[in-house]
Structure formats: structure tokens, C-alpha cells
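Q: I have a structure I would like to understand better, so I am pasting it below and will then ask my questions one at a time.
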2 protein chains.
Amino acid sequence: MKRPWKDVSVPLRDGMVHWPGDPECRIQRVNRMEDGAVCNLTHITMSAHTGTHMDAPRHFIADGKTMEQMPLEAVIGRCCVFELDSEDQITADDLKKLRIATGQRVLFKTRNSTRSWAMSEFDKDFISIRADAAQYLVDLKVMTVGVDYLSIGGYGKDVVETHQIMLGAGIWVIEGLNLAEIASGYYDMISLPIKLEGADGAPCRVVLR
Amino acid sequence: MKRPWKDVSVPLRDGMVHWPGDPECRIQRVNRMEDGAVCNLTHITMSAHTGTHMDAPRHFIADGKTMEQMPLEAVIGRCCVFELDSEDQITADDLKKLRIATGQRVLFKTRNSTRSWAMSEFDKDFISIRADAAQYLVDLKVMTVGVDYLSIGGYGKDVVETHQIMLGAGIWVIEGLNLAEIASGYYDMISLPIKLEGADGAPCRVVLR
């Protein structure tokens, strides 16, 4: 008997936190039964990089693959969750201690899962992946990397470099996970982004078991 | 060795067909590397009922469950795909011939998968579920129902009744599948909608194996 799936996606809410400068997230009912409409109808206006979402290489690579070109193998299969106690950026030295196997799907759990998502404002001090750690993941030929806040690169810290290194190597990136309820170890993972054709990213739903 | 997953979701495109009267689907890049931006950034504006999506009971039931309340069991597990050669609405008599087991996840493949999705305009003559067939599915206590165009109810034909009957019984509904490449039979299904809190529906990605 398999264990039940756990949802590690954050709820998408009207006015929720987003990367500074990105468009606001608006989730609003345009038809309302309480106003006499025959049905309720919700309308969405948001960046493709809102909440739990994926980055396609096209996000930072001019001719990189777009969302609908993602192989399902990148997002359905075994993954390994590593918990890190970093208080600044994740470094290559931090990752070397984890003995990550090559070619894997890996998710990093940090203090972001409990601290950053509990904040009402964007957390500029979230834990991110330093450029040398990004290069280490590329050298390990990891297939997919997931992080527990809105970006693999830090705010004002390697945000461009880390994205260029990882997306340039064709790694599929999941951002905005909440891993608070997940212990380190191996899991079955499903991460399904909506099929935005030609897009640099897409909101996704992610479950682990 | 399991077979590979097949994607049965339709691509989300700027200006794509949608239910008449719903807001337009706009998928546009607001930051463009070819214009000197450091990265590409896609922005989404659409109804929660665009393309391949799910309906929560709240869509037609004032106090019905909303998307984030959906049990993952409704969308991850075995399903049965039934192919129907209906040329008008699917009736209770049509369904009785299929010998559908109780409590299942069921997907209906019709001419919509090849005909309706190939049209550049909304297909008002798509195959839908007549109210008596909706009641038959409720009596069978099916858990989840998937259809291969934008609504379980027809355009000007039982659209309100079919939604009220099925959503009123707590059936989780997947609309907008493309089953052209799928034969009748049993499959593993994963249908993951984005986690729109409080919403009456949400775009989803659906794969079968």
C-alpha cells in the first residue's frame, strides 16, 4: 500500500507575493452567483512565474526550449529531497557534502519553506543557489532541480548567473515549492505545469509520495 | 517496464478558442530578450476555464467545494476511457451500454477530439452530456468525469442542468481533453490543476499511461 500523495504547491491567491517588478497576481470572480449569475467564473491575470511554477530554458536563453517541449520524464519519477541548513546562499561546498548522484531529480529544502512563505511581503533574504553551486549541479548532469521559494538565483545575488548556468545546460527548474512537511529522502514526484505554448515558464502543481 | 506517459492536454495559446462570452485568453511576453531584457517573461490573462481545465463544484453550486479542496484521489489513479460514436448529446441509454463500474474515474472520447479541436472557431455542435446521462453518472457514484471539449453540458443544450447535476453531486470534472491518440481501455491518469484558492475551476495538465 503506497502512502498518500502530499501537495507541495503553494496556493495561488489574489495579491500574493511575487518577484519584485513582475506583474501583480489577480485571481478574481468576474461572474458571481450571489449577484444573480448562473455560475461562478474566476479570471486569472498573472506572470507565468507566479507561486509554484517551472522555468523553461527560454526564460534566460534566447533560443532555449519552451514549456511545451519539456519531456514528461523530467517531472514524473523518483526525486531526492535534500535538507540544507544554509543561512545565506547554497554553495558548491554545501552540495558536495550531499553526495548527489548524477542525472537525478533533486529538490532542496531550506528555511524558506517555513520562513519565507509565512511572510506577507517578498522575502529578499530567501536562500538561493550560488553560481558555483549551479555549475556543480550542471557538472552532475542533474535532470531537474526544485527549490522552495520563487527563484533558484538570489535577490541581487547571482540571479542572472544561476539561471543562465542551469537553464543554459537544459536543466528543468521548479520554483516556489513548500517543503515544510517533507523530510529528506527519496520520493515519487509529479510536477505538472500547464501547457503554455512557446512560454518561458508556467504555473505547476507538484505532489510527492 | 511501464509505457511512457501521453499528454492529453491542449496547448494554451494566445487568442485560442474559449466558451463564448468568457474572457479572451492572452499569453504574451511582457519582457523580451530580443528587445534587450535580461530574460523572457510571459504574462497570462485568461478564464480559469480555458483549454484543458477542471471544474470545482463551486462553478455552479453556491456553497460547493473550491479547487484547493479537491482530494488528490480524484485525479491520480486508474481511469477508464470510453469511446462513443454519438453525433448529438451523450444520453443515459448510450452510457448504459458501456457497463461503467461504480465509483470510477471515467473519460469520454468522442468526435470532439479530432473535429472540434481542429476548428479555428468555437464548435457549437460539440458532443456533450445530456442531463439524463449526467444523472446516470451521479447514480453510478463516479468520482471524476473527463470530456474532450470545453464543457460537460452542450452549447444551448443542458449546459446549466448537466453542470448542476454533476457538480451538485460532488463529481470532479475535467474538460478540454484531447483524446485523439488514446484508445478505449484502462489507464493510469494524472490530472493536476493549478492550486487556485477559492476558485470554481483551474487550468490543468493531464497525462495518461
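For the C-alpha cells, the naming scheme is as follows: chains receive sequential letters (A, B, ...) according to their order of presentation, residues are indexed from 1 within each chain, and ligands are indexed from 1 in presentation order.
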Please check the contacts: residues of chain A at most 7 Å away from chain B, using only C-alpha atoms, listed as a PyMOL selection string.
A: chain A and resi 11-13+33+39-48+58-60+62+192-197+199-200+203-205
Q: Okay, now the selection with C-alpha atoms, as an mmCIF file, in the first residue's frame?
A:
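Here's the written file out-v8.cif:
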data_model
loop_
_atom_site.group_PDB
_atom_site.id
_atom_site.type_symbol
_atom_site.label_atom_id
_atom_site.label_comp_id
_atom_site.auth_asym_id
_atom_site.auth_seq_id
_atom_site.Cartn_x
_atom_site.Cartn_y
_atom_site.Cartn_z
ATOM 1 C CA PRO A 11 -1.979 28.295 -3.019
ATOM 2 C CA LEU A 12 -2.429 30.894 -5.756
ATOM 3 C CA ARG A 13 -4.152 33.923 -4.227
ATOM 4 C CA MET A 33 -23.845 33.606 -8.294
ATOM 5 C CA CYS A 39 -22.488 30.270 -12.413
ATOM 6 C CA ASN A 40 -19.298 31.483 -10.760
ATOM 7 C CA LEU A 41 -16.410 32.245 -13.104
ATOM 8 C CA THR A 42 -12.871 33.018 -11.990
ATOM 9 C CA HIS A 43 -10.458 35.078 -14.059
ATOM 10 C CA ILE A 44 -6.666 34.885 -13.766
ATOM 11 C CA THR A 45 -4.098 37.597 -14.503
ATOM 12 C CA MET A 46 -0.534 36.759 -13.511
ATOM 13 C CA SER A 47 3.043 36.191 -14.555
ATOM 14 C CA ALA A 48 3.829 32.658 -15.714
ATOM 15 C CA ARG A 58 13.735 30.042 -22.801
ATOM 16 C CA HIS A 59 13.402 32.146 -19.610
ATOM 17 C CA PHE A 60 17.090 33.164 -19.808
ATOM 18 C CA ALA A 62 17.165 33.296 -26.250
ATOM 19 C CA LEU A 192 2.784 19.133 -13.993
ATOM 20 C CA PRO A 193 2.942 22.656 -15.432
ATOM 21 C CA ILE A 194 0.092 23.962 -17.551
ATOM 22 C CA LYS A 195 0.909 23.701 -21.256
ATOM 23 C CA LEU A 196 1.694 27.322 -22.164
ATOM 24 C CA GLU A 197 2.883 27.091 -25.754
ATOM 25 C CA ALA A 199 6.414 30.156 -22.935
ATOM 26 C CA ASP A 200 9.446 30.658 -20.694
ATOM 27 C CA PRO A 203 2.479 27.602 -13.035
ATOM 28 C CA CYS A 204 2.531 23.966 -11.953
ATOM 29 C CA ARG A 205 1.105 21.616 -9.328
#
Q: What is the CA of Lys97 (chain A)-CA of Ser116 (chain A) distance in Å, reported with one decimal?
A: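 Pair CA of Lys97 (chain A) / CA of Ser116 (chain A) returns 24.8 Å.
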Q: Write down as a ChimeraX atom specification the residues belonging to region 40-170 of chain A that are assigned helix (DSSP H, G or I) by DSSP computed on the backbone.
A: /A:57-59,67-69,72-74,92-96,111-113,116-118,131-139,159-168
Q: Would you save the residues from that selection as a short mmCIF file (atom, residue, chain, number, x, y, z; two decimals), in the first residue's frame, using N, CA and C atoms?
A:
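The result, stored in selection.cif:
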data_model
loop_
_atom_site.label_atom_id
_atom_site.label_comp_id
_atom_site.auth_asym_id
_atom_site.auth_seq_id
_atom_site.Cartn_x
_atom_site.Cartn_y
_atom_site.Cartn_z
N PRO A 57 14.07 26.62 -20.27
CA PRO A 57 15.33 27.27 -20.67
C PRO A 57 15.11 28.64 -21.34
N ARG A 58 14.01 28.79 -22.10
CA ARG A 58 13.73 30.04 -22.80
C ARG A 58 13.68 31.26 -21.88
N HIS A 59 13.49 31.03 -20.55
CA HIS A 59 13.40 32.15 -19.61
C HIS A 59 14.65 33.03 -19.68
N MET A 67 8.09 25.75 -22.71
CA MET A 67 7.40 24.86 -21.77
C MET A 67 6.84 23.59 -22.42
N GLU A 68 6.18 23.74 -23.58
CA GLU A 68 5.52 22.55 -24.15
C GLU A 68 6.53 21.54 -24.69
N GLN A 69 7.82 21.91 -24.73
CA GLN A 69 8.85 20.98 -25.20
C GLN A 69 9.45 20.15 -24.06
N LEU A 72 8.16 14.71 -20.28
CA LEU A 72 7.46 14.36 -19.03
C LEU A 72 8.38 13.62 -18.06
N GLU A 73 9.43 12.98 -18.59
CA GLU A 73 10.39 12.30 -17.72
C GLU A 73 11.06 13.27 -16.74
N ALA A 74 11.17 14.53 -17.11
CA ALA A 74 11.82 15.50 -16.22
C ALA A 74 11.00 15.74 -14.96
N ALA A 92 28.68 25.46 -3.71
CA ALA A 92 29.14 24.17 -4.24
C ALA A 92 29.65 23.28 -3.11
N ASP A 93 30.33 23.89 -2.13
CA ASP A 93 30.84 23.10 -1.00
C ASP A 93 29.69 22.47 -0.21
N ASP A 94 28.60 23.23 -0.04
CA ASP A 94 27.42 22.66 0.64
C ASP A 94 26.92 21.43 -0.11
N LEU A 95 26.86 21.54 -1.43
CA LEU A 95 26.30 20.44 -2.23
C LEU A 95 27.22 19.22 -2.27
N LYS A 96 28.54 19.47 -2.26
CA LYS A 96 29.48 18.34 -2.32
C LYS A 96 29.28 17.39 -1.14
N ARG A 111 15.28 26.87 4.95
CA ARG A 111 14.42 27.63 5.87
C ARG A 111 13.32 28.38 5.11
N ASN A 112 13.47 28.54 3.79
CA ASN A 112 12.43 29.23 3.00
C ASN A 112 11.05 28.62 3.23
N SER A 113 10.98 27.28 3.34
CA SER A 113 9.69 26.60 3.40
C SER A 113 8.87 27.06 4.60
N SER A 116 10.03 31.98 4.63
CA SER A 116 9.71 32.93 3.55
C SER A 116 8.23 32.91 3.20
N TRP A 117 7.63 31.70 3.14
CA TRP A 117 6.22 31.61 2.76
C TRP A 117 5.29 32.15 3.85
N ALA A 118 5.81 32.27 5.10
CA ALA A 118 4.99 32.81 6.19
C ALA A 118 4.97 34.33 6.18
N ALA A 131 26.15 30.82 -7.88
CA ALA A 131 26.57 30.42 -9.23
C ALA A 131 27.48 29.19 -9.22
N ASP A 132 28.39 29.09 -8.24
CA ASP A 132 29.30 27.91 -8.21
C ASP A 132 28.52 26.62 -7.92
N ALA A 133 27.46 26.73 -7.13
CA ALA A 133 26.63 25.56 -6.85
C ALA A 133 25.80 25.19 -8.09
N ALA A 134 25.36 26.21 -8.82
CA ALA A 134 24.63 25.96 -10.08
C ALA A 134 25.52 25.18 -11.04
N GLN A 135 26.80 25.61 -11.15
CA GLN A 135 27.73 24.92 -12.04
C GLN A 135 27.98 23.49 -11.57
N TYR A 136 28.05 23.29 -10.25
CA TYR A 136 28.24 21.94 -9.70
C TYR A 136 27.08 21.02 -10.10
N LEU A 137 25.84 21.57 -10.05
CA LEU A 137 24.65 20.77 -10.45
C LEU A 137 24.70 20.44 -11.94
N VAL A 138 25.18 21.39 -12.74
CA VAL A 138 25.33 21.13 -14.18
C VAL A 138 26.36 20.03 -14.40
N ASP A 139 27.47 20.09 -13.66
CA ASP A 139 28.53 19.08 -13.82
C ASP A 139 28.01 17.69 -13.43
N VAL A 159 21.30 36.12 -9.48
CA VAL A 159 20.02 35.70 -10.07
C VAL A 159 20.16 35.43 -11.56
N VAL A 160 20.92 36.27 -12.25
CA VAL A 160 21.11 36.06 -13.69
C VAL A 160 22.05 34.88 -13.93
N GLU A 161 23.19 34.87 -13.21
CA GLU A 161 24.21 33.85 -13.43
C GLU A 161 23.65 32.44 -13.19
N THR A 162 22.97 32.27 -12.06
CA THR A 162 22.46 30.93 -11.71
C THR A 162 21.45 30.45 -12.74
N HIS A 163 20.55 31.34 -13.16
CA HIS A 163 19.59 30.95 -14.20
C HIS A 163 20.31 30.63 -15.52
N GLN A 164 21.26 31.46 -15.91
CA GLN A 164 21.96 31.23 -17.18
C GLN A 164 22.70 29.90 -17.16
N ILE A 165 23.33 29.59 -16.04
CA ILE A 165 24.12 28.35 -15.94
C ILE A 165 23.20 27.13 -16.00
N MET A 166 22.15 27.14 -15.19
CA MET A 166 21.30 25.93 -15.09
C MET A 166 20.39 25.79 -16.31
N LEU A 167 19.75 26.89 -16.72
CA LEU A 167 18.85 26.80 -17.89
C LEU A 167 19.67 26.61 -19.16
N GLY A 168 20.88 27.19 -19.19
CA GLY A 168 21.76 27.02 -20.35
C GLY A 168 22.17 25.56 -20.55
#
Q: Under the rule that only C-alpha atoms are counted, which of B:Leu208, B:Leu98, B:Leu107, B:Val75 is the nearest residue to Ile152 (chain B)?
A: B:Leu107
Q: Among chain A, which ones does DSSP place in strand (DSSP E or B), written as a ChimeraX atom specification?
A: /A:6-7,9,12,26-31,41-47,53-55,76-83,90,105-109,129,144-147,154,157,172-175,177,185-193,196,201-208
Q: Give me the residues near Ala183 (chain B) as an mmCIF file with N, CA, C and O atoms, in the first residue's frame, where near means some atom within 9 Å (using only C-alpha atoms) and where sequence neighbours in that chain fewer than 5 positions away do not count.
A:
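out-v6.cif, written as the output of this step:
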data_model
loop_
_atom_site.group_PDB
_atom_site.id
_atom_site.type_symbol
_atom_site.label_atom_id
_atom_site.label_comp_id
_atom_site.auth_asym_id
_atom_site.auth_seq_id
_atom_site.Cartn_x
_atom_site.Cartn_y
_atom_site.Cartn_z
ATOM 1 N N VAL B 81 -11.214 4.939 -20.220
ATOM 2 C CA VAL B 81 -11.579 5.759 -21.377
ATOM 3 C C VAL B 81 -12.627 4.996 -22.197
ATOM 4 O O VAL B 81 -12.386 3.843 -22.580
ATOM 5 N N PHE B 82 -13.777 5.613 -22.437
ATOM 6 C CA PHE B 82 -14.840 5.031 -23.259
ATOM 7 C C PHE B 82 -14.972 5.842 -24.538
ATOM 8 O O PHE B 82 -15.096 7.071 -24.477
ATOM 9 N N GLU B 83 -14.977 5.162 -25.675
ATOM 10 C CA GLU B 83 -15.165 5.877 -26.940
ATOM 11 C C GLU B 83 -16.631 5.763 -27.355
ATOM 12 O O GLU B 83 -17.216 4.681 -27.327
ATOM 13 N N LYS B 109 -14.362 9.739 -24.868
ATOM 14 C CA LYS B 109 -13.750 10.163 -26.131
ATOM 15 C C LYS B 109 -14.850 10.202 -27.193
ATOM 16 O O LYS B 109 -15.582 9.223 -27.374
#
Q: Could you list, as a VMD selection string, every residue within 9 Å of Cys80 (chain A), counting only C-alpha atoms and ignoring same-chain residues fewer than 4 positions away?
A: chain A and resid 100 104 to 108 184 to 188
